Amino acid sequence: MATNENLPPNVIKQLAKELKNLDETPPEGIRVGVNDDDFSTIFADIEGPAGTPYANGVFRMKLILGHDYPHSPPAGYFLTKIFHPNVAPKNGEICVNTLKKDWNPGLGLRHVLIVIRCLLIEPFPGSALNEQAGKMLLDDYEEYARYARIYTDCHAIKPKPKFKNGAISESTTALNVGQTNTSVLSTEQKNGATGAAVPLPSPLAPTTNTVVKGSQDQSTNAASSTVTDTGISGSATSSLAPVMKNKENVGLPKVNADKKKIDARKKSLKRL
């Protein structure tokens with residue numbers, strides 16, 4: 001295997017410049033990989049273009065560069081099996097004019113990779129390395145596309161899912177907002193597990209917040225917290241009524257006793 005030490009300095013400098021450019025602004029549907037110790041072999045993953053039999057698949061390939069690059073074209077090979085007129089079925093060699101007679105030193109790796117991806121959109125059966133695929137493409141495109149899709153489904157790499165920007169932050173926000181509702185639902189689920197009938201609150205029923213805010217007494221707050229814990233806003237009035245009634249009953253004897261003392265004092269003053 002060739003290494004960077006065996007490549008001329010001008011070739012290494014040229015490749016380093018091109019690879020940096022590909023890394024900063026990659027071509028659409030193409031991802032380039034390289035071994036820093038061996039620039040003579042460039043790997044790339046090419047996404048199957050939409051609307052073709054290669055859609056929803058990723059195809060791995062490699063470009064092998066000679067010592068006199070860019071004066072001579074690289075040799076291209078698909079490592080992923082693909083049913084295509086311009087790809088040899090045995091070794092995956094790619095036949096395209098850009099890598100043959102149409103090559104010139106000013107094209108570079110970016111142009112080569114883009115041309116190879118375009119080859120998946122528009123094959124050239126006239127220079128076919130896969131005669132079966134070339135003949136099928138000319139005679140019956142639907143049958144050719146069916147074979148190509150079968151190869152894509154069986155051999156191509158599955159593309160990674162692409163998430164929309166902000167999806168994670170939106171999910172986190174939803175979880176934070178739903179914390180109170182989660183505690184309420186868990187209580188209702190427990191009530192359902194024990195077989196107790198839990199009445200659902202009416203959208204028009206008064207909420208517990210009105211009762212709680214209108215009272216300053218600790219016993220009332222305790223009662224309202226009990227109602228809030230159960231998560232049933234419709235039962236707030238019925239739960240608080242006995243507490244308020246009991247409070248009034250407890251306060252009546254004390255008021256009556258005070259009144260009797262005042263009356264007794266008035267009578268004793270009259271006697272004097």
# chains A, B, ... in the order shown; residues from 1 in each chain; ligands from 1
>>> residues_around(residues="Arg117 in chain A", least_positions_apart="4", cutoff="12 Å", atoms="only C-alpha atoms", output="VMD selection string")
chain A and resid 27 to 31 44 to 50 52 54 to 55 58 to 61 76 78 86 94 96 110 to 113 121 to 123
>>> write_last_selection(atoms="N, CA and C atoms", output="PDB file, in the first residue's frame")
ATOM      1  N   PRO A  27     -19.879  18.466  -1.275  1.00  0.00           N
ATOM      2  CA  PRO A  27     -20.910  18.457  -2.316  1.00  0.00           C
ATOM      3  C   PRO A  27     -22.198  17.822  -1.789  1.00  0.00           C
ATOM      4  N   GLU A  28     -23.314  18.191  -2.386  1.00  0.00           N
ATOM      5  CA  GLU A  28     -24.607  17.667  -1.947  1.00  0.00           C
ATOM      6  C   GLU A  28     -24.660  16.151  -2.124  1.00  0.00           C
ATOM      7  N   GLY A  29     -25.061  15.454  -1.040  1.00  0.00           N
ATOM      8  CA  GLY A  29     -25.231  14.007  -1.108  1.00  0.00           C
ATOM      9  C   GLY A  29     -23.938  13.219  -1.100  1.00  0.00           C
ATOM     10  N   ILE A  30     -22.817  13.858  -0.777  1.00  0.00           N
ATOM     11  CA  ILE A  30     -21.520  13.176  -0.803  1.00  0.00           C
ATOM     12  C   ILE A  30     -20.761  13.472   0.486  1.00  0.00           C
ATOM     13  N   ARG A  31     -20.240  12.419   1.104  1.00  0.00           N
ATOM     14  CA  ARG A  31     -19.414  12.575   2.300  1.00  0.00           C
ATOM     15  C   ARG A  31     -18.073  11.890   2.062  1.00  0.00           C
ATOM     16  N   ALA A  44     -15.512   7.677  -0.237  1.00  0.00           N
ATOM     17  CA  ALA A  44     -16.669   8.580  -0.249  1.00  0.00           C
ATOM     18  C   ALA A  44     -17.955   7.765  -0.146  1.00  0.00           C
ATOM     19  N   ASP A  45     -18.917   8.309   0.584  1.00  0.00           N
ATOM     20  CA  ASP A  45     -20.269   7.753   0.654  1.00  0.00           C
ATOM     21  C   ASP A  45     -21.185   8.642  -0.173  1.00  0.00           C
ATOM     22  N   ILE A  46     -21.874   8.036  -1.142  1.00  0.00           N
ATOM     23  CA  ILE A  46     -22.730   8.785  -2.055  1.00  0.00           C
ATOM     24  C   ILE A  46     -24.182   8.394  -1.812  1.00  0.00           C
ATOM     25  N   GLU A  47     -25.027   9.381  -1.529  1.00  0.00           N
ATOM     26  CA  GLU A  47     -26.461   9.131  -1.340  1.00  0.00           C
ATOM     27  C   GLU A  47     -27.126   8.954  -2.691  1.00  0.00           C
ATOM     28  N   GLY A  48     -27.981   7.926  -2.792  1.00  0.00           N
ATOM     29  CA  GLY A  48     -28.728   7.719  -4.024  1.00  0.00           C
ATOM     30  C   GLY A  48     -29.668   8.890  -4.272  1.00  0.00           C
ATOM     31  N   PRO A  49     -29.614   9.502  -5.441  1.00  0.00           N
ATOM     32  CA  PRO A  49     -30.464  10.671  -5.716  1.00  0.00           C
ATOM     33  C   PRO A  49     -31.949  10.311  -5.676  1.00  0.00           C
ATOM     34  N   ALA A  50     -32.756  11.254  -5.198  1.00  0.00           N
ATOM     35  CA  ALA A  50     -34.206  11.042  -5.156  1.00  0.00           C
ATOM     36  C   ALA A  50     -34.750  10.892  -6.574  1.00  0.00           C
ATOM     37  N   THR A  52     -34.652   8.155  -8.320  1.00  0.00           N
ATOM     38  CA  THR A  52     -33.919   7.103  -9.040  1.00  0.00           C
ATOM     39  C   THR A  52     -34.081   5.779  -8.289  1.00  0.00           C
ATOM     40  N   TYR A  54     -31.936   4.222  -6.951  1.00  0.00           N
ATOM     41  CA  TYR A  54     -30.907   4.178  -5.910  1.00  0.00           C
ATOM     42  C   TYR A  54     -31.258   5.058  -4.710  1.00  0.00           C
ATOM     43  N   ALA A  55     -32.444   5.655  -4.734  1.00  0.00           N
ATOM     44  CA  ALA A  55     -32.879   6.500  -3.630  1.00  0.00           C
ATOM     45  C   ALA A  55     -33.010   5.667  -2.355  1.00  0.00           C
ATOM     46  N   VAL A  58     -27.214   4.451   0.492  1.00  0.00           N
ATOM     47  CA  VAL A  58     -25.913   5.114   0.475  1.00  0.00           C
ATOM     48  C   VAL A  58     -24.895   4.119  -0.065  1.00  0.00           C
ATOM     49  N   PHE A  59     -24.102   4.562  -1.043  1.00  0.00           N
ATOM     50  CA  PHE A  59     -23.161   3.685  -1.728  1.00  0.00           C
ATOM     51  C   PHE A  59     -21.731   4.153  -1.455  1.00  0.00           C
ATOM     52  N   ARG A  60     -20.921   3.223  -0.949  1.00  0.00           N
ATOM     53  CA  ARG A  60     -19.533   3.545  -0.631  1.00  0.00           C
ATOM     54  C   ARG A  60     -18.647   3.269  -1.843  1.00  0.00           C
ATOM     55  N   MET A  61     -17.720   4.172  -2.091  1.00  0.00           N
ATOM     56  CA  MET A  61     -16.809   4.029  -3.223  1.00  0.00           C
ATOM     57  C   MET A  61     -15.424   4.524  -2.823  1.00  0.00           C
ATOM     58  N   GLY A  76     -11.807   4.882 -10.236  1.00  0.00           N
ATOM     59  CA  GLY A  76     -12.940   4.832  -9.316  1.00  0.00           C
ATOM     60  C   GLY A  76     -13.542   3.449  -9.212  1.00  0.00           C
ATOM     61  N   PHE A  78     -16.802   1.249  -6.981  1.00  0.00           N
ATOM     62  CA  PHE A  78     -17.853   1.143  -5.981  1.00  0.00           C
ATOM     63  C   PHE A  78     -17.548  -0.057  -5.100  1.00  0.00           C
ATOM     64  N   ASN A  86     -22.785   1.283 -15.853  1.00  0.00           N
ATOM     65  CA  ASN A  86     -21.407   1.770 -15.905  1.00  0.00           C
ATOM     66  C   ASN A  86     -20.557   1.319 -14.740  1.00  0.00           C
ATOM     67  N   ILE A  94     -15.684   1.771 -12.081  1.00  0.00           N
ATOM     68  CA  ILE A  94     -16.589   2.776 -12.641  1.00  0.00           C
ATOM     69  C   ILE A  94     -16.046   3.230 -13.994  1.00  0.00           C
ATOM     70  N   VAL A  96     -16.583   6.059 -16.694  1.00  0.00           N
ATOM     71  CA  VAL A  96     -17.175   7.346 -17.037  1.00  0.00           C
ATOM     72  C   VAL A  96     -16.101   8.148 -17.779  1.00  0.00           C
ATOM     73  N   ARG A 110     -13.478  17.038  -6.431  1.00  0.00           N
ATOM     74  CA  ARG A 110     -14.874  17.464  -6.311  1.00  0.00           C
ATOM     75  C   ARG A 110     -15.643  17.182  -7.600  1.00  0.00           C
ATOM     76  N   HIS A 111     -15.069  17.542  -8.721  1.00  0.00           N
ATOM     77  CA  HIS A 111     -15.740  17.330 -10.010  1.00  0.00           C
ATOM     78  C   HIS A 111     -15.959  15.841 -10.259  1.00  0.00           C
ATOM     79  N   VAL A 112     -14.960  15.028  -9.950  1.00  0.00           N
ATOM     80  CA  VAL A 112     -15.069  13.582 -10.162  1.00  0.00           C
ATOM     81  C   VAL A 112     -16.225  13.003  -9.348  1.00  0.00           C
ATOM     82  N   LEU A 113     -16.313  13.367  -8.068  1.00  0.00           N
ATOM     83  CA  LEU A 113     -17.358  12.829  -7.194  1.00  0.00           C
ATOM     84  C   LEU A 113     -18.746  13.269  -7.651  1.00  0.00           C
ATOM     85  N   ILE A 121     -28.026   9.209 -11.743  1.00  0.00           N
ATOM     86  CA  ILE A 121     -29.240   9.830 -12.280  1.00  0.00           C
ATOM     87  C   ILE A 121     -29.397   9.513 -13.762  1.00  0.00           C
ATOM     88  N   GLU A 122     -28.290   9.610 -14.505  1.00  0.00           N
ATOM     89  CA  GLU A 122     -28.337   9.389 -15.954  1.00  0.00           C
ATOM     90  C   GLU A 122     -27.208   8.448 -16.374  1.00  0.00           C
ATOM     91  N   PRO A 123     -27.474   7.149 -16.408  1.00  0.00           N
ATOM     92  CA  PRO A 123     -26.451   6.183 -16.850  1.00  0.00           C
ATOM     93  C   PRO A 123     -26.170   6.327 -18.354  1.00  0.00           C
TER      94      PRO A 123
END
>>> closest_residue(among="A:Asn91, A:Gln132, A:Asn4, A:Asn56", to="His155 in chain A", atoms="only C-alpha atoms")
A:Asn56
>>> atom_distance(atom1="CA of Pro70 in chain A", atom2="CA of Gly126 in chain A")
26.9 Å
>>> atom_distance(atom1="CA of Ile12 in chain A", atom2="CA of Asp38 in chain A")
9.7 Å
